[in-house]
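Structure below is my_file04.txt: compact mmCIF, C-alpha atoms.
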# COMPACT_ATOMS: atom_id res chain seq x y z
CA MET A 1 171.75 -162.52 -110.41
CA ILE A 2 170.50 -166.07 -110.80
CA VAL A 3 172.19 -167.90 -113.63
CA ALA A 4 171.35 -171.24 -115.22
CA THR A 5 172.77 -173.51 -117.90
CA PHE A 6 170.98 -176.33 -119.64
CA ASN A 7 171.85 -178.64 -122.52
CA VAL A 8 168.33 -179.18 -123.87
CA ARG A 9 169.15 -181.48 -126.81
CA GLY A 10 166.65 -179.89 -129.14
CA LEU A 11 164.21 -177.07 -128.62
CA GLY A 12 161.69 -177.94 -131.34
CA GLY A 13 159.10 -179.60 -129.10
CA VAL A 14 156.54 -178.08 -126.77
CA LEU A 15 157.65 -180.31 -123.88
CA LYS A 16 161.11 -178.83 -123.64
CA ARG A 17 159.90 -175.28 -124.16
CA ASN A 18 157.48 -175.76 -121.28
CA LYS A 19 160.28 -177.20 -119.17
CA LEU A 20 162.31 -174.07 -119.81
CA LYS A 21 159.36 -171.84 -118.92
CA ASP A 22 158.91 -173.69 -115.63
CA LEU A 23 162.63 -173.56 -114.89
CA ILE A 24 162.76 -169.80 -115.43
CA ARG A 25 159.66 -169.13 -113.36
CA GLN A 26 160.37 -171.55 -110.51
CA HIS A 27 163.93 -170.43 -109.92
CA LYS A 28 163.45 -166.75 -110.88
CA ILE A 29 166.26 -167.04 -113.40
CA ASP A 30 167.84 -163.85 -114.72
CA PHE A 31 170.19 -165.38 -117.23
CA LEU A 32 169.90 -168.69 -119.07
CA ALA A 33 172.50 -170.40 -121.29
CA ILE A 34 171.08 -173.14 -123.52
CA GLN A 35 173.10 -175.61 -125.57
CA GLU A 36 172.20 -177.93 -128.44
CA THR A 37 168.94 -176.29 -129.45
CA LYS A 38 169.33 -178.08 -132.82
CA MET A 39 167.56 -175.08 -134.36
CA GLU A 40 168.53 -173.30 -137.57
CA ASN A 41 166.71 -170.13 -136.55
CA ILE A 42 165.46 -168.62 -133.35
CA SER A 43 162.91 -165.82 -133.31
CA THR A 44 162.19 -163.10 -130.78
CA THR A 45 158.65 -164.49 -130.59
CA LEU A 46 159.94 -167.88 -129.49
CA CYS A 47 162.23 -166.30 -126.88
CA ALA A 48 159.41 -164.08 -125.61
CA SER A 49 157.09 -167.07 -125.24
CA ILE A 50 159.71 -168.91 -123.20
CA TRP A 51 160.67 -165.88 -121.12
CA ARG A 52 157.01 -164.78 -120.75
CA SER A 53 157.96 -161.12 -120.81
CA ASP A 54 159.20 -158.59 -123.33
CA ASP A 55 161.95 -157.23 -121.12
CA PHE A 56 164.80 -159.44 -122.25
CA ASP A 57 167.58 -159.86 -124.77
CA TRP A 58 168.96 -162.90 -126.50
CA ALA A 59 171.79 -164.14 -128.70
CA PHE A 60 172.02 -167.27 -130.81
CA ARG A 61 174.44 -169.32 -132.89
CA PRO A 62 172.94 -171.86 -135.30
CA SER A 63 173.96 -175.45 -134.69
CA MET B 1 176.85 -157.05 -121.63
CA GLU B 2 176.04 -154.50 -118.97
CA TRP B 3 173.87 -155.63 -116.11
CA GLY B 4 171.51 -153.91 -113.68
CA VAL B 5 171.30 -150.33 -112.54
CA ASN B 6 175.02 -150.32 -111.73
CA LYS B 7 175.80 -151.38 -115.29
CA HIS B 8 178.25 -154.06 -114.23
CA LYS B 9 180.41 -155.18 -117.11
CA CYS B 10 179.71 -158.88 -117.54
CA ILE B 11 181.47 -161.21 -119.92
CA VAL B 12 179.52 -164.39 -120.54
CA ILE B 13 180.54 -167.30 -122.72
CA ASN B 14 178.09 -170.11 -123.38
CA VAL B 15 180.02 -173.30 -124.15
CA TYR B 16 179.02 -176.38 -126.06
CA SER B 17 182.18 -178.40 -126.47
CA LYS B 18 182.96 -181.13 -128.97
CA CYS B 19 183.94 -184.53 -127.60
CA ASP B 20 187.16 -184.73 -129.55
CA PHE B 21 190.20 -183.94 -127.37
CA ALA B 22 192.09 -181.91 -130.00
CA ALA B 23 189.02 -179.68 -130.51
CA LYS B 24 188.66 -179.25 -126.76
CA LYS B 25 192.24 -178.10 -126.44
CA ILE B 26 191.70 -175.48 -129.14
CA LEU B 27 188.55 -174.28 -127.36
CA TRP B 28 190.32 -174.05 -123.98
CA ASP B 29 193.24 -172.12 -125.49
CA ARG B 30 190.80 -169.68 -127.09
CA LEU B 31 188.93 -169.20 -123.83
CA VAL B 32 192.17 -168.44 -121.97
CA LEU B 33 193.13 -165.97 -124.70
CA ALA B 34 189.72 -164.29 -124.55
CA ARG B 35 189.97 -164.01 -120.78
CA ARG B 36 193.36 -162.30 -121.06
CA ASN B 37 192.36 -159.97 -123.89
CA LEU B 38 188.98 -158.86 -122.58
CA GLY B 39 190.36 -158.46 -119.07
CA GLN B 40 188.40 -157.10 -116.15
CA GLY B 41 184.70 -157.67 -115.57
CA ALA B 42 182.41 -160.22 -114.01
CA TRP B 43 183.30 -163.38 -115.94
CA ARG B 44 181.19 -166.43 -116.42
CA ILE B 45 181.97 -169.33 -118.74
CA LEU B 46 179.29 -171.97 -118.53
CA GLY B 47 177.76 -174.87 -120.38
CA ASP B 48 178.43 -178.38 -121.58
CA PHE B 49 182.21 -178.92 -121.59
CA ASN B 50 181.96 -182.65 -122.32
CA THR B 51 184.85 -183.08 -119.88
CA VAL B 52 185.30 -184.08 -116.28
CA GLY B 53 187.91 -182.64 -113.95
CA GLU B 54 188.52 -185.74 -111.84
CA ARG B 55 187.78 -189.44 -111.70
CA GLY B 56 184.92 -189.07 -109.23
CA GLU B 57 183.03 -186.94 -111.74
CA ARG B 58 182.41 -189.92 -113.96
CA ARG B 59 180.81 -193.31 -113.44
CA GLY B 60 180.17 -196.21 -115.77
CA VAL B 61 182.26 -194.88 -118.67
CA ASN B 62 186.04 -195.00 -118.92
CA GLU B 63 186.21 -195.74 -115.26
CA GLU B 64 189.49 -197.57 -115.56
CA THR B 65 191.30 -194.32 -116.19
CA THR B 66 193.50 -194.92 -119.17
CA GLY B 67 196.47 -192.69 -119.93
CA SER B 68 194.55 -190.55 -122.42
CA HIS B 69 191.79 -189.75 -119.93
CA ILE B 70 194.28 -188.70 -117.31
CA VAL B 71 195.98 -186.47 -119.88
CA GLU B 72 192.62 -184.90 -120.77
CA MET B 73 191.72 -184.28 -117.12
CA ASN B 74 195.13 -182.75 -116.51
CA PHE B 75 194.70 -180.44 -119.50
CA PHE B 76 191.24 -179.43 -118.34
CA ASN B 77 192.48 -178.66 -114.84
CA ALA B 78 195.40 -176.67 -116.28
CA PHE B 79 192.88 -174.74 -118.38
CA LYS B 80 190.86 -173.90 -115.27
CA ARG B 81 193.98 -172.57 -113.55
CA ASN B 82 195.10 -170.56 -116.60
CA VAL B 83 191.71 -169.03 -117.18
CA GLU B 84 191.70 -167.96 -113.51
CA LEU B 85 188.08 -168.86 -112.90
CA GLU B 86 186.50 -170.97 -110.20
CA ASP B 87 184.77 -174.17 -111.30
CA LYS B 88 181.77 -174.09 -108.95
CA ASN B 89 181.13 -177.21 -106.89
CA VAL B 90 177.74 -178.80 -107.35
CA PHE B 91 175.00 -179.44 -104.82
CA GLY B 92 171.88 -181.55 -105.11
CA ARG B 93 173.41 -184.36 -107.14
CA ARG B 94 176.88 -185.36 -108.20
CA PHE B 95 176.33 -185.89 -111.91
CA THR B 96 174.81 -183.61 -114.54
CA TRP B 97 174.50 -186.04 -117.42
CA TYR B 98 173.01 -189.55 -117.53
CA HIS B 99 173.27 -192.05 -120.35
CA LEU B 100 170.10 -193.83 -121.48
CA ASN B 101 171.61 -197.14 -120.31
CA GLY B 102 171.25 -195.93 -116.72
CA ILE B 103 174.81 -197.00 -115.91
CA SER B 104 176.94 -194.20 -117.29
CA MET B 105 176.77 -190.77 -115.71
CA SER B 106 179.14 -187.85 -115.41
CA ARG B 107 179.55 -184.25 -114.42
CA ILE B 108 180.38 -182.65 -117.77
CA ASP B 109 178.47 -179.39 -117.34
CA HIS B 110 180.39 -176.67 -115.57
CA VAL B 111 179.94 -173.08 -114.43
CA LEU B 112 183.19 -171.12 -114.11
CA ILE B 113 183.07 -167.69 -112.48
CA SER B 114 185.57 -164.95 -111.68
CA ASP B 115 186.32 -163.39 -108.28
CA GLU B 116 184.75 -160.20 -109.55
CA TRP B 117 181.50 -162.03 -110.22
CA SER B 118 181.44 -163.17 -106.59
CA ARG B 119 182.23 -159.65 -105.41
CA CYS B 120 179.31 -158.25 -107.41
CA TRP B 121 176.72 -160.85 -106.46
CA GLY B 122 178.08 -162.50 -103.32
CA ASP B 123 178.59 -166.14 -102.47
CA SER B 124 176.71 -168.56 -104.66
CA ALA B 125 175.90 -172.24 -104.82
CA LEU B 126 175.49 -174.30 -107.96
CA TRP B 127 172.50 -176.64 -107.83
CA VAL B 128 171.93 -179.57 -110.14
CA LEU B 129 168.20 -179.98 -110.64
CA PRO B 130 166.25 -183.13 -111.54
CA ARG B 131 166.44 -183.97 -115.23
CA ASP B 132 163.23 -186.08 -115.63
CA VAL B 133 163.12 -187.21 -119.27
CA LEU B 134 166.25 -185.46 -120.53
CA ASP B 135 169.81 -186.72 -120.36
CA HIS B 136 171.25 -183.45 -119.06
CA CYS B 137 170.20 -181.77 -115.81
CA PRO B 138 169.64 -178.03 -115.65
CA LEU B 139 172.19 -176.25 -113.43
CA VAL B 140 171.19 -173.16 -111.46
CA LEU B 141 173.68 -170.85 -109.80
CA LYS B 142 171.87 -169.29 -106.85
CA VAL B 143 173.26 -166.35 -104.94
CA GLY B 144 173.27 -166.20 -101.14
CA GLY B 145 170.38 -167.33 -98.98
CA TRP B 146 170.56 -171.10 -98.56
CA ASP B 147 167.20 -172.67 -99.19
CA TRP B 148 166.89 -175.57 -96.78
CA GLY B 149 163.14 -175.96 -97.31
CA PRO B 150 160.51 -175.59 -94.57
CA LYS B 151 161.81 -175.39 -91.00
CA PRO B 152 161.29 -178.68 -89.14
CA PHE B 153 159.31 -178.71 -85.90
CA ARG B 154 161.56 -178.97 -82.87
CA PHE B 155 160.46 -180.23 -79.49
CA ASN B 156 162.36 -178.72 -76.57
CA ASN B 157 162.71 -181.08 -73.61
CA TYR B 158 162.65 -178.17 -71.16
CA TRP B 159 159.01 -177.69 -72.07
CA LEU B 160 158.28 -180.83 -69.99
CA ASP B 161 159.48 -179.00 -66.86
CA ASN B 162 157.02 -176.18 -67.45
CA ARG B 163 153.89 -176.54 -65.32
CA ARG B 164 151.65 -175.02 -67.96
CA PHE B 165 152.83 -177.35 -70.73
CA LYS B 166 150.55 -180.31 -70.03
CA SER B 167 147.38 -178.22 -69.91
CA THR B 168 148.33 -176.44 -73.13
CA VAL B 169 148.69 -179.77 -74.93
CA GLU B 170 145.42 -181.07 -73.49
CA GLU B 171 143.53 -177.92 -74.43
CA SER B 172 144.77 -178.03 -78.00
CA TRP B 173 144.09 -181.77 -78.32
CA ARG B 174 140.50 -181.52 -77.01
CA GLY B 175 139.79 -178.13 -78.48
CA HIS B 176 139.17 -179.16 -82.05
CA ASN B 177 136.17 -181.15 -83.18
CA LEU B 178 137.08 -182.80 -86.40
CA ASN B 179 135.21 -185.15 -88.68
CA GLY B 180 136.65 -187.83 -90.88
CA TRP B 181 138.47 -191.08 -90.50
CA MET B 182 140.73 -191.55 -87.47
CA GLY B 183 144.00 -191.21 -89.37
CA PHE B 184 142.92 -187.83 -90.73
CA ILE B 185 141.79 -186.62 -87.30
CA LEU B 186 145.10 -187.67 -85.74
CA LYS B 187 147.08 -185.89 -88.49
CA GLU B 188 145.01 -182.70 -88.13
CA LYS B 189 145.30 -182.71 -84.34
CA LEU B 190 149.06 -183.13 -84.51
CA LYS B 191 149.27 -180.31 -87.03
CA ARG B 192 147.24 -177.95 -84.84
CA LEU B 193 149.18 -178.99 -81.75
CA LYS B 194 152.41 -178.12 -83.52
CA ILE B 195 151.15 -174.63 -84.37
CA ARG B 196 149.85 -174.11 -80.83
CA LEU B 197 153.15 -175.22 -79.29
CA LYS B 198 155.13 -172.89 -81.52
CA ASP B 199 152.98 -169.98 -80.37
CA TRP B 200 153.09 -171.13 -76.75
CA ASN B 201 156.87 -171.34 -76.87
CA LYS B 202 156.96 -167.74 -78.04
CA GLU B 203 154.59 -166.63 -75.27
CA GLU B 204 156.52 -168.47 -72.54
CA TYR B 205 160.08 -168.08 -73.68
CA GLY B 206 159.87 -165.19 -76.15
CA GLY B 207 162.56 -162.59 -76.20
CA MET B 208 165.21 -165.25 -75.74
CA GLU B 209 167.20 -163.80 -78.64
CA ASP B 210 167.11 -160.32 -77.14
CA ARG B 211 168.37 -161.75 -73.86
CA VAL B 212 171.16 -163.62 -75.65
CA SER B 213 172.31 -160.49 -77.47
CA SER B 214 172.21 -158.36 -74.32
CA LEU B 215 174.23 -161.03 -72.50
CA ILE B 216 176.76 -161.04 -75.34
CA GLU B 217 177.05 -157.27 -74.99
CA GLU B 218 177.61 -157.66 -71.28
CA ILE B 219 180.34 -160.23 -71.89
CA ALA B 220 182.03 -157.90 -74.39
CA GLU B 221 181.83 -155.08 -71.84
CA LEU B 222 183.38 -157.32 -69.15
CA ASP B 223 186.11 -158.40 -71.57
CA ALA B 224 186.90 -154.78 -72.34
CA ARG B 225 187.05 -153.98 -68.64
CA GLY B 226 189.33 -156.97 -68.10
CA ARG B 227 191.67 -155.72 -70.83
CA ARG B 228 191.80 -152.24 -69.30
CA ALA B 229 192.57 -153.71 -65.86
CA CYS B 230 195.64 -155.55 -67.18
What would you get if you wrote out this structure as structure tokens?
Amino acid sequence: MIVATFNVRGLGGVLKRNKLKDLIRQHKIDFLAIQETKMENISTTLCASIWRSDDFDWAFRPS
Amino acid sequence: MEWGVNKHKCIVINVYSKCDFAAKKILWDRLVLARRNLGQGAWRILGDFNTVGERGERRGVNEETTGSHIVEMNFFNAFKRNVELEDKNVFGRRFTWYHLNGISMSRIDHVLISDEWSRCWGDSALWVLPRDVLDHCPLVLKVGGWDWGPKPFRFNNYWLDNRRFKSTVEESWRGHNLNGWMGFILKEKLKRLKIRLKDWNKEEYGGMEDRVSSLIEEIAELDARGRRAC
């Protein structure tokens, strides 16, 4: 299992979302822990767009 | 969570720690408690701990270690012992967080894993990746297989003693008609020569590994005979 952690300091912008997508794809990451998303809500759609697959699960705590 | 076809029990805690020392202590106590209560499983506590474990993990800020920083580091290291998890060493770069001022940097992100995690997935190495515009670097825990990048070309001096070596080089060097400026032609010729020499080495000296392993077997056999003779 390949595991990653990343304090992104905000996940509102496209730039950081794209960075996450690249990170996941480049390093074939199986599990990703993100801190400081600064988001009130996270949707499955957002997670799916970052993970680029529908075979995943996620959990979230608002900041 | 349960992971993979073997349904390994994994316990994962994603940490974002406050900077305040009292709050950190509460967090660490809770983590130790959770570890004891939830018990067995492949544990992983990872994230931004906002804490360093030793002086070398910080530069530019609080470098003259005052009493309070030493106390905090001691508490953090005691926490790591109590929680019975390994704080993985980092590769790639020493620090995981960089201040905008370009002077302060520290290693405040950590990945702690249990022995059981290593038993399930084998040895792993924690890599700190480039951060580009962000202040934190992503950390990736990769299992097994060290990625050293492309294998470098190695020239073996014993090739020079081989009578066929010179003609092989000459053939490869003259064999390709290339167009372009001289620098490009030189680069391309060197590239093709490298490929040719790799193949040639295999043709001339191939099977070296088989010979080595059969020799090792022979040595083992001789050793065994020696032991029996004693």
Could you give me, as CSV, a per-residue list for chain A showing, wherever an atom lies at most 12 Å from an atom of chain B, the closest pair of atoms and their distance in Å to one decimal, using all atoms listed in the file and sorting by chain then residue number from low to high?
residue,atom,partner,partner_atom,distance
A:Met1,CA,B:Trp121,CA,6.6
A:Ile2,CA,B:Lys142,CA,5.3
A:Val3,CA,B:Leu141,CA,5.1
A:Ala4,CA,B:Val140,CA,4.2
A:Thr5,CA,B:Leu139,CA,5.3
A:Phe6,CA,B:Pro138,CA,4.5
A:Asn7,CA,B:His136,CA,6.0
A:Val8,CA,B:His136,CA,7.1
A:Arg9,CA,B:Leu134,CA,8.0
A:Gly10,CA,B:Leu134,CA,10.3
A:Leu11,CA,B:Leu134,CA,11.8
A:Leu15,CA,B:Val133,CA,9.9
A:Lys16,CA,B:Leu134,CA,8.9
A:Lys19,CA,B:Arg131,CA,10.0
A:Leu20,CA,B:Pro138,CA,9.3
A:Asp22,CA,B:Pro138,CA,11.6
A:Leu23,CA,B:Pro138,CA,8.3
A:Ile24,CA,B:Val140,CA,9.9
A:Gln26,CA,B:Val140,CA,11.0
A:His27,CA,B:Val140,CA,7.9
A:Lys28,CA,B:Lys142,CA,9.7
A:Ile29,CA,B:Val140,CA,8.1
A:Asp30,CA,B:Trp3,CA,10.3
A:Phe31,CA,B:Val140,CA,9.7
A:Leu32,CA,B:Val140,CA,8.9
A:Ala33,CA,B:Asn14,CA,6.0
A:Ile34,CA,B:Gly47,CA,7.6
A:Gln35,CA,B:Tyr16,CA,6.0
A:Glu36,CA,B:Tyr16,CA,7.4
A:Thr37,CA,B:Tyr16,CA,10.6
A:Lys38,CA,B:Tyr16,CA,11.9
A:Phe56,CA,B:Trp3,CA,11.6
A:Asp57,CA,B:Met1,CA,10.2
A:Trp58,CA,B:Met1,CA,11.0
A:Ala59,CA,B:Asn14,CA,10.2
A:Phe60,CA,B:Asn14,CA,10.0
A:Arg61,CA,B:Asn14,CA,10.2
A:Pro62,CA,B:Tyr16,CA,11.9
A:Ser63,CA,B:Tyr16,CA,10.0
Restricting to all atoms listed in the file, whichever of B:Leu178, B:Leu215, B:Ile185, B:Met105 is closest to Thr51 in chain B is B:Met105
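For the atom pair formed by CA of Gly41 in chain B and CA of Arg119 in chain B, the distance is 10.6 Å, given to one decimal.
By chain and then residue number, the residues within 9 Å of range 195-202 of chain B are B:Phe153, B:Arg154, B:Phe155, B:Trp159, B:Phe165, B:Thr168, B:Val169, B:Ser172, B:Leu190, B:Lys191, B:Gly206, B:Gly207, B:Met208, counting only C-alpha atoms and disregarding those fewer than 4 positions away in sequence.
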Nearby residues (only C-alpha atoms) at most 9 Å from Lys80 in chain B, same-chain spacing under 6 positions excluded, as a compact mmCIF listing (two decimals) with C-alpha atoms, in the coordinates of the input:
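Dumped everything to selection-v1.txt:
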# COMPACT_ATOMS: atom_id res chain seq x y z
CA TRP B 28 190.32 -174.05 -123.98
CA VAL B 32 192.17 -168.44 -121.97
CA GLU B 86 186.50 -170.97 -110.20
CA ASP B 87 184.77 -174.17 -111.30
CA LEU B 112 183.19 -171.12 -114.11
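For the atom pair formed by CA of Arg94 in chain B and CA of Ser106 in chain B, the distance is 8.0 Å, given to one decimal.
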Suppose you want the space between CA of Ile113 in chain B and CA of Phe75 in chain B; what is it in Å?
18.6 Å
Using only the atoms of range 40-56 of chain A listed in the file, plus 4 Å on each side, state the axis-aligned box centre and edge lengths in Å rounded to one decimal, as lines of an AutoDock Vina configuration file.
center_x = 162.8
center_y = -165.3
center_z = -129.2
size_x = 19.5
size_y = 24.1
size_z = 24.8
Could N, CA and C atoms be built for range 19-43 of chain B and written out as a CSV table (one decimal), in the coordinates of the input?
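Below is the file that was written, out.csv:
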chain,number,residue,atom,x,y,z
B,19,CYS,N,183.4,-183.5,-128.4
B,19,CYS,CA,183.9,-184.5,-127.6
B,19,CYS,C,185.4,-184.8,-127.9
B,20,ASP,N,185.8,-184.4,-129.1
B,20,ASP,CA,187.2,-184.7,-129.6
B,20,ASP,C,188.2,-183.9,-128.8
B,21,PHE,N,189.2,-184.6,-128.3
B,21,PHE,CA,190.2,-183.9,-127.4
B,21,PHE,C,190.9,-182.8,-128.0
B,22,ALA,N,191.3,-183.0,-129.3
B,22,ALA,CA,192.1,-181.9,-130.0
B,22,ALA,C,191.2,-180.7,-130.1
B,23,ALA,N,189.9,-180.8,-130.4
B,23,ALA,CA,189.0,-179.7,-130.5
B,23,ALA,C,188.8,-179.0,-129.2
B,24,LYS,N,188.8,-179.8,-128.1
B,24,LYS,CA,188.7,-179.2,-126.8
B,24,LYS,C,189.8,-178.4,-126.4
B,25,LYS,N,191.0,-178.9,-126.8
B,25,LYS,CA,192.2,-178.1,-126.4
B,25,LYS,C,192.2,-176.7,-127.1
B,26,ILE,N,191.8,-176.7,-128.4
B,26,ILE,CA,191.7,-175.5,-129.1
B,26,ILE,C,190.7,-174.5,-128.4
B,27,LEU,N,189.6,-175.1,-128.0
B,27,LEU,CA,188.6,-174.3,-127.4
B,27,LEU,C,189.1,-173.7,-126.1
B,28,TRP,N,189.8,-174.5,-125.3
B,28,TRP,CA,190.3,-174.0,-124.0
B,28,TRP,C,191.4,-173.0,-124.2
B,29,ASP,N,192.2,-173.1,-125.2
B,29,ASP,CA,193.2,-172.1,-125.5
B,29,ASP,C,192.6,-170.8,-125.9
B,30,ARG,N,191.5,-170.9,-126.7
B,30,ARG,CA,190.8,-169.7,-127.1
B,30,ARG,C,190.1,-169.0,-125.9
B,31,LEU,N,189.6,-169.8,-125.0
B,31,LEU,CA,188.9,-169.2,-123.8
B,31,LEU,C,190.0,-168.5,-123.0
B,32,VAL,N,191.1,-169.1,-122.8
B,32,VAL,CA,192.2,-168.4,-122.0
B,32,VAL,C,192.6,-167.1,-122.6
B,33,LEU,N,192.7,-167.2,-123.9
B,33,LEU,CA,193.1,-166.0,-124.7
B,33,LEU,C,192.1,-164.9,-124.5
B,34,ALA,N,190.8,-165.3,-124.7
B,34,ALA,CA,189.7,-164.3,-124.6
B,34,ALA,C,189.7,-163.7,-123.2
B,35,ARG,N,189.9,-164.5,-122.2
B,35,ARG,CA,190.0,-164.0,-120.8
B,35,ARG,C,191.1,-163.0,-120.6
B,36,ARG,N,192.2,-163.2,-121.2
B,36,ARG,CA,193.4,-162.3,-121.1
B,36,ARG,C,193.1,-161.0,-121.8
B,37,ASN,N,192.5,-161.1,-123.0
B,37,ASN,CA,192.4,-160.0,-123.9
B,37,ASN,C,191.2,-159.1,-123.4
B,38,LEU,N,190.1,-159.7,-123.0
B,38,LEU,CA,189.0,-158.9,-122.6
B,38,LEU,C,189.1,-158.3,-121.2
B,39,GLY,N,190.0,-159.0,-120.4
B,39,GLY,CA,190.4,-158.5,-119.1
B,39,GLY,C,189.3,-158.4,-118.0
B,40,GLN,N,189.3,-157.3,-117.3
B,40,GLN,CA,188.4,-157.1,-116.2
B,40,GLN,C,186.9,-157.2,-116.5
B,41,GLY,N,186.2,-157.5,-115.4
B,41,GLY,CA,184.7,-157.7,-115.6
B,41,GLY,C,184.3,-158.9,-114.8
B,42,ALA,N,183.0,-159.0,-114.7
B,42,ALA,CA,182.4,-160.2,-114.0
B,42,ALA,C,182.3,-161.3,-115.1
B,43,TRP,N,183.2,-162.3,-114.9
B,43,TRP,CA,183.3,-163.4,-115.9
B,43,TRP,C,182.5,-164.6,-115.6
